[in-house]
Amino acid sequence: MKAVFEKARAWIELDEKALRNNIEILRKLLPEGGRLMPAVKANAYGHGNAFITRVMQDAGITDFCVACVDEAVEMRENGIKGDILILGYTNPAQFDLLYKYNLIQTAVDFSYAEEMSKYGKPLRVHIGIDTGMHRLGEPAENIDRLREMFFMENLHTEAALTHLCASDSDAPSDIEFTNMQIDKFYHTIDTLRKEGCEIPKLHLQASYGLLNYSELAADFARVGIAVYGMKTARNDYDKFNTDAELRPVLSLKARVSSVREIKAGESVGYGLAFTAERDMKIAALSIGYADGLPRALSGGVGKVLINGERAPIIGRVCMDQTIVDISGAAEVCAGDTAVIIGKSGNDEISAYEIAEDAGTITNEILSRLGTRLTRVML
Ligand SMILES: *Cc1c(COP(=O)(O)O)cnc(C)c1O
């Protein structure tokens, strides 16, 4: 493992203990008999699907969800044995993959369920119900169509789901909306069951659903960002402050590739976007926006840590490289490590800080971390 650190130009360190800790913390919130169904889409929120799912499987996780069929197939090829639910759309031309790899597909609406039924071979299905997000799922109001979906030929329906879209907020109107979604979901399920639909399992909570509405009766919780030890934004509603016990799984680091001195009046980087006001020492780092370091951090907005000191990004973040001001840092040499997300000395830059500086959320920062980064589980 050490060899990776010595050679890599830019890399992600994964903390296995933190991941196992987060799984245990979140499991404690589940109702009796409930199971975590971690969201490992987008390369496990940028962490690296193969590394993350291997540890999860070892920690007893038997259910996973992803966004698309290719992600599910890759997991099967990596030896993941449990159930894998595809949350998003799979092209009917790819239904063969669902069948071949024993995957579960969300029926994203009525006409999609008809397409699935036409495939002609049995497919495993979770039926999506739209309770107010208006993204996927057959509208809860369409009871007749929903009932029909449960009786379609070739559909082996194992569960029904909905998605809560405002459970991360304690604004009274958001709480009211979430309670409306919850009531609508359970009411729809009751009605369908009374009309003879067999609905073995239910799920409706993502991370915030579990953190803030943990009392709900459900068979699965589709936890994404929380299992990686983060919230979407620092100040999001977290009713029981569970977040305090979650630990970030990921650190992001890059190699210092070159150190140089420039004189007052000299410029740095593309478009001469930065001009030195005084003589200064700068360093090039081997990480850029193609690796997922947001270009919005250009021009002093973002900082990195080198030997425990903050080094502001100067000029424009490039595709593969970034230049930082190390005038304030002690001796820095080529080959040293710059910490983009994580701890260095007594300081820490969290994914929250990067997300805030870049004007976005942790989910976006993490999920866009590139495939070119080396990943290592510690
Ligand atoms: C991505 C996703 C999740 C996980 O969301 P988090 O907020 O990261 O926990 C759960 N359910 C659905 C339908 C999703 O698309």
# chains A, B, ... in the order shown; residues from 1 in each chain; ligands from 1
>>> residues_around(residues="Asp325 (chain A)", least_positions_apart="2", cutoff="7 Å", atoms="only C-alpha atoms", output="list in words")
Lys281, Ile282, Ala283, Ala311, Pro312, Ile313, Ile314 and Ser327 of chain A
>>> write_last_selection(atoms="all heavy atoms", output="short mmCIF file (atom, residue, chain, number, x, y, z; two decimals), in the first residue's frame")
data_model
loop_
_atom_site.label_atom_id
_atom_site.label_comp_id
_atom_site.auth_asym_id
_atom_site.auth_seq_id
_atom_site.Cartn_x
_atom_site.Cartn_y
_atom_site.Cartn_z
N LYS A 281 6.73 32.43 -3.21
CA LYS A 281 7.07 31.04 -3.51
C LYS A 281 5.78 30.32 -3.87
O LYS A 281 4.77 30.46 -3.16
CB LYS A 281 7.68 30.40 -2.26
CG LYS A 281 8.89 29.56 -2.55
CD LYS A 281 9.56 29.17 -1.25
CE LYS A 281 10.00 27.73 -1.35
NZ LYS A 281 10.50 27.21 -0.09
N ILE A 282 5.80 29.59 -4.96
CA ILE A 282 4.59 28.90 -5.41
C ILE A 282 4.90 27.44 -5.70
O ILE A 282 6.07 27.07 -5.88
CB ILE A 282 3.97 29.58 -6.65
CG1 ILE A 282 4.92 29.50 -7.85
CG2 ILE A 282 3.59 31.02 -6.34
CD1 ILE A 282 4.30 30.04 -9.15
N ALA A 283 3.87 26.62 -5.74
CA ALA A 283 4.05 25.20 -6.04
C ALA A 283 2.97 24.74 -7.00
O ALA A 283 1.83 25.20 -6.93
CB ALA A 283 3.98 24.38 -4.75
N ALA A 311 -2.42 26.80 1.92
CA ALA A 311 -1.84 27.38 0.71
C ALA A 311 -2.98 27.69 -0.25
O ALA A 311 -3.64 26.78 -0.76
CB ALA A 311 -0.85 26.39 0.09
N PRO A 312 -3.24 29.00 -0.49
CA PRO A 312 -4.36 29.37 -1.38
C PRO A 312 -4.06 29.02 -2.84
O PRO A 312 -2.92 29.13 -3.29
CB PRO A 312 -4.46 30.89 -1.22
CG PRO A 312 -3.54 31.27 -0.09
CD PRO A 312 -2.56 30.16 0.10
N ILE A 313 -5.10 28.61 -3.53
CA ILE A 313 -5.00 28.36 -4.98
C ILE A 313 -4.86 29.70 -5.68
O ILE A 313 -5.63 30.63 -5.42
CB ILE A 313 -6.24 27.60 -5.48
CG1 ILE A 313 -6.28 26.19 -4.88
CG2 ILE A 313 -6.27 27.56 -7.02
CD1 ILE A 313 -7.55 25.40 -5.16
N ILE A 314 -3.86 29.82 -6.57
CA ILE A 314 -3.72 31.08 -7.32
C ILE A 314 -3.89 30.80 -8.80
O ILE A 314 -3.64 29.69 -9.27
CB ILE A 314 -2.37 31.79 -7.03
CG1 ILE A 314 -1.21 30.84 -7.29
CG2 ILE A 314 -2.34 32.31 -5.60
CD1 ILE A 314 0.15 31.51 -7.17
N SER A 327 3.97 30.77 0.07
CA SER A 327 4.82 31.76 0.76
C SER A 327 4.67 31.61 2.27
O SER A 327 5.61 31.86 3.01
CB SER A 327 4.42 33.18 0.35
OG SER A 327 4.48 33.31 -1.06
#
>>> residues_near_ligand(ligand="ligand 1", cutoff="9 Å", atoms="only C-alpha atoms and all ligand atoms", output="number ranges by chain")
A: 37-41, 45, 65-67, 87-88, 136, 161-165, 168, 204-210, 221-228, 231-232, 363
>>> closest_residue(among="A:Lys263, A:Arg295, A:Lys239, A:Lys17", to="Met56 (chain A)", atoms="only C-alpha atoms")
A:Lys17
>>> atom_distance(atom1="CA of Ser169 (chain A)", atom2="CA of Arg247 (chain A)")
21.4 Å
>>> residues_around(residues="Ala330 (chain A)", least_positions_apart="4", cutoff="8 Å", atoms="only C-alpha atoms", output="PyMOL selection string")
chain A and resi 307+309+326
>>> write_last_selection(atoms="all heavy atoms", output="mmCIF file, in the first residue's frame")
data_model
loop_
_atom_site.group_PDB
_atom_site.id
_atom_site.type_symbol
_atom_site.label_atom_id
_atom_site.label_comp_id
_atom_site.auth_asym_id
_atom_site.auth_seq_id
_atom_site.Cartn_x
_atom_site.Cartn_y
_atom_site.Cartn_z
ATOM 1 N N ASN A 307 1.939 20.460 4.742
ATOM 2 C CA ASN A 307 2.633 20.428 6.039
ATOM 3 C C ASN A 307 1.860 21.209 7.106
ATOM 4 O O ASN A 307 2.433 21.954 7.903
ATOM 5 C CB ASN A 307 4.059 21.001 5.912
ATOM 6 C CG ASN A 307 4.879 20.234 4.895
ATOM 7 O OD1 ASN A 307 4.653 19.038 4.680
ATOM 8 N ND2 ASN A 307 5.812 20.904 4.254
ATOM 9 N N GLU A 309 -0.037 23.754 6.811
ATOM 10 C CA GLU A 309 -0.263 25.182 6.530
ATOM 11 C C GLU A 309 -1.219 25.344 5.353
ATOM 12 O O GLU A 309 -1.183 24.544 4.420
ATOM 13 C CB GLU A 309 1.062 25.875 6.147
ATOM 14 C CG GLU A 309 2.180 25.727 7.141
ATOM 15 C CD GLU A 309 2.027 26.610 8.368
ATOM 16 O OE1 GLU A 309 1.204 27.560 8.304
ATOM 17 O OE2 GLU A 309 2.705 26.335 9.369
ATOM 18 N N ILE A 326 2.694 29.131 -1.662
ATOM 19 C CA ILE A 326 3.267 28.496 -0.463
ATOM 20 C C ILE A 326 4.174 29.461 0.297
ATOM 21 O O ILE A 326 4.991 29.044 1.116
ATOM 22 C CB ILE A 326 4.046 27.195 -0.814
ATOM 23 C CG1 ILE A 326 5.065 27.459 -1.919
ATOM 24 C CG2 ILE A 326 3.080 26.084 -1.203
ATOM 25 C CD1 ILE A 326 6.049 26.308 -2.111
#
>>> closest_residue(among="A:Leu305, A:Leu216, A:Ala113, A:Ile23", to="Pro92 (chain A)", atoms="only C-alpha atoms")
A:Ala113
>>> residues_around(residues="Ile361 (chain A)", least_positions_apart="5", cutoff="8 Å", atoms="only C-alpha atoms", output="CSV table (one decimal) with N, CA and C atoms, in the first residue's frame")
chain,number,residue,atom,x,y,z
A,232,THR,N,-25.1,16.6,3.4
A,232,THR,CA,-25.1,17.2,2.1
A,232,THR,C,-24.5,18.7,2.3
A,233,ALA,N,-24.9,19.3,3.4
A,233,ALA,CA,-24.4,20.6,3.7
A,233,ALA,C,-24.3,20.7,5.2
A,352,TYR,N,-17.2,19.8,3.3
A,352,TYR,CA,-18.1,21.0,3.5
A,352,TYR,C,-17.4,22.2,3.0
A,355,ALA,N,-17.1,22.4,-0.7
A,355,ALA,CA,-18.4,22.6,-1.3
A,355,ALA,C,-18.9,24.0,-1.1
A,356,GLU,N,-18.7,24.6,0.1
A,356,GLU,CA,-19.1,26.0,0.3
A,356,GLU,C,-18.3,26.9,-0.6
>>> residues_around(residues="Ser111 (chain A)", least_positions_apart="3", cutoff="10 Å", atoms="only C-alpha atoms", output="PyMOL selection string")
chain A and resi 107-108+114-117+138+145+149
>>> write_last_selection(atoms="N, CA and C atoms", output="compact mmCIF listing (two decimals), in the first residue's frame")
# COMPACT_ATOMS: atom_id res chain seq x y z
N ALA A 107 -39.52 0.22 -11.37
CA ALA A 107 -40.53 0.56 -12.38
C ALA A 107 -40.79 2.05 -12.22
N VAL A 108 -40.26 2.86 -13.13
CA VAL A 108 -40.25 4.31 -12.92
C VAL A 108 -41.60 4.97 -13.21
N GLU A 114 -45.03 -1.42 -18.34
CA GLU A 114 -45.54 -2.14 -19.52
C GLU A 114 -44.39 -2.61 -20.41
N GLU A 115 -43.41 -1.76 -20.59
CA GLU A 115 -42.21 -2.13 -21.37
C GLU A 115 -41.52 -3.34 -20.75
N MET A 116 -41.42 -3.30 -19.44
CA MET A 116 -40.75 -4.41 -18.73
C MET A 116 -41.53 -5.71 -18.91
N SER A 117 -42.84 -5.57 -18.86
CA SER A 117 -43.69 -6.75 -18.99
C SER A 117 -43.54 -7.35 -20.38
N GLU A 138 -44.84 6.20 -10.44
CA GLU A 138 -46.21 6.45 -10.91
C GLU A 138 -46.91 7.31 -9.85
N ARG A 145 -53.95 2.44 -12.09
CA ARG A 145 -52.74 2.09 -12.84
C ARG A 145 -51.72 1.40 -11.93
N MET A 149 -50.09 -2.36 -12.30
CA MET A 149 -48.64 -2.63 -12.33
C MET A 149 -48.29 -3.87 -11.49
>>> decode(residues="region 129-148 of chain A", atoms="N, CA, C and O atoms", output="mmCIF file, in the first residue's frame")
data_model
loop_
_atom_site.group_PDB
_atom_site.id
_atom_site.type_symbol
_atom_site.label_atom_id
_atom_site.label_comp_id
_atom_site.auth_asym_id
_atom_site.auth_seq_id
_atom_site.Cartn_x
_atom_site.Cartn_y
_atom_site.Cartn_z
ATOM 1 N N ILE A 129 -43.389 4.931 -6.515
ATOM 2 C CA ILE A 129 -44.624 5.705 -6.333
ATOM 3 C C ILE A 129 -44.235 7.167 -6.112
ATOM 4 O O ILE A 129 -43.422 7.467 -5.227
ATOM 5 N N ASP A 130 -44.778 8.053 -6.920
ATOM 6 C CA ASP A 130 -44.491 9.486 -6.796
ATOM 7 C C ASP A 130 -45.441 10.102 -5.773
ATOM 8 O O ASP A 130 -46.651 10.142 -5.987
ATOM 9 N N THR A 131 -44.859 10.561 -4.656
ATOM 10 C CA THR A 131 -45.696 11.166 -3.609
ATOM 11 C C THR A 131 -45.505 12.676 -3.532
ATOM 12 O O THR A 131 -45.917 13.306 -2.551
ATOM 13 N N GLY A 132 -44.843 13.264 -4.541
ATOM 14 C CA GLY A 132 -44.728 14.722 -4.526
ATOM 15 C C GLY A 132 -43.418 15.275 -5.045
ATOM 16 O O GLY A 132 -43.307 16.472 -5.288
ATOM 17 N N MET A 133 -42.418 14.427 -5.253
ATOM 18 C CA MET A 133 -41.173 14.933 -5.814
ATOM 19 C C MET A 133 -41.314 15.190 -7.311
ATOM 20 O O MET A 133 -40.638 16.054 -7.873
ATOM 21 N N HIS A 134 -42.185 14.375 -7.958
ATOM 22 C CA HIS A 134 -42.444 14.536 -9.390
ATOM 23 C C HIS A 134 -41.213 14.319 -10.241
ATOM 24 O O HIS A 134 -40.961 15.057 -11.198
ATOM 25 N N ARG A 135 -40.419 13.307 -9.875
ATOM 26 C CA ARG A 135 -39.262 12.931 -10.695
ATOM 27 C C ARG A 135 -39.537 11.553 -11.295
ATOM 28 O O ARG A 135 -39.799 11.432 -12.464
ATOM 29 N N LEU A 136 -39.505 10.519 -10.453
ATOM 30 C CA LEU A 136 -39.816 9.173 -10.921
ATOM 31 C C LEU A 136 -40.948 8.596 -10.076
ATOM 32 O O LEU A 136 -41.270 9.104 -9.008
ATOM 33 N N GLY A 137 -41.518 7.508 -10.562
ATOM 34 C CA GLY A 137 -42.598 6.851 -9.842
ATOM 35 C C GLY A 137 -43.942 7.174 -10.476
ATOM 36 O O GLY A 137 -44.154 8.273 -10.994
ATOM 37 N N GLU A 138 -44.844 6.201 -10.442
ATOM 38 C CA GLU A 138 -46.206 6.449 -10.913
ATOM 39 C C GLU A 138 -46.909 7.307 -9.855
ATOM 40 O O GLU A 138 -46.813 7.019 -8.654
ATOM 41 N N PRO A 139 -47.601 8.365 -10.264
ATOM 42 C CA PRO A 139 -48.269 9.227 -9.274
ATOM 43 C C PRO A 139 -49.179 8.434 -8.328
ATOM 44 O O PRO A 139 -49.947 7.577 -8.773
ATOM 45 N N ALA A 140 -49.075 8.723 -7.031
ATOM 46 C CA ALA A 140 -49.829 7.986 -6.004
ATOM 47 C C ALA A 140 -51.335 8.047 -6.256
ATOM 48 O O ALA A 140 -52.065 7.145 -5.867
ATOM 49 N N GLU A 141 -51.778 9.115 -6.913
ATOM 50 C CA GLU A 141 -53.206 9.305 -7.167
ATOM 51 C C GLU A 141 -53.755 8.252 -8.146
ATOM 52 O O GLU A 141 -54.945 7.968 -8.143
ATOM 53 N N ASN A 142 -52.865 7.703 -8.989
ATOM 54 C CA ASN A 142 -53.318 6.781 -10.039
ATOM 55 C C ASN A 142 -53.441 5.350 -9.507
ATOM 56 O O ASN A 142 -52.737 4.442 -9.950
ATOM 57 N N ILE A 143 -54.348 5.156 -8.573
ATOM 58 C CA ILE A 143 -54.481 3.862 -7.905
ATOM 59 C C ILE A 143 -54.771 2.731 -8.899
ATOM 60 O O ILE A 143 -54.204 1.644 -8.787
ATOM 61 N N ASP A 144 -55.598 3.009 -9.889
ATOM 62 C CA ASP A 144 -55.945 1.950 -10.845
ATOM 63 C C ASP A 144 -54.727 1.487 -11.622
ATOM 64 O O ASP A 144 -54.506 0.290 -11.803
ATOM 65 N N ARG A 145 -53.947 2.443 -12.086
ATOM 66 C CA ARG A 145 -52.739 2.095 -12.838
ATOM 67 C C ARG A 145 -51.723 1.404 -11.931
ATOM 68 O O ARG A 145 -51.063 0.436 -12.328
ATOM 69 N N LEU A 146 -51.587 1.885 -10.707
ATOM 70 C CA LEU A 146 -50.648 1.253 -9.772
ATOM 71 C C LEU A 146 -51.059 -0.202 -9.528
ATOM 72 O O LEU A 146 -50.221 -1.111 -9.553
ATOM 73 N N ARG A 147 -52.363 -0.410 -9.283
ATOM 74 C CA ARG A 147 -52.835 -1.778 -9.041
ATOM 75 C C ARG A 147 -52.488 -2.674 -10.233
ATOM 76 O O ARG A 147 -51.960 -3.759 -10.079
ATOM 77 N N GLU A 148 -52.726 -2.138 -11.429
ATOM 78 C CA GLU A 148 -52.439 -2.894 -12.650
ATOM 79 C C GLU A 148 -50.953 -3.279 -12.727
ATOM 80 O O GLU A 148 -50.599 -4.376 -13.145
#
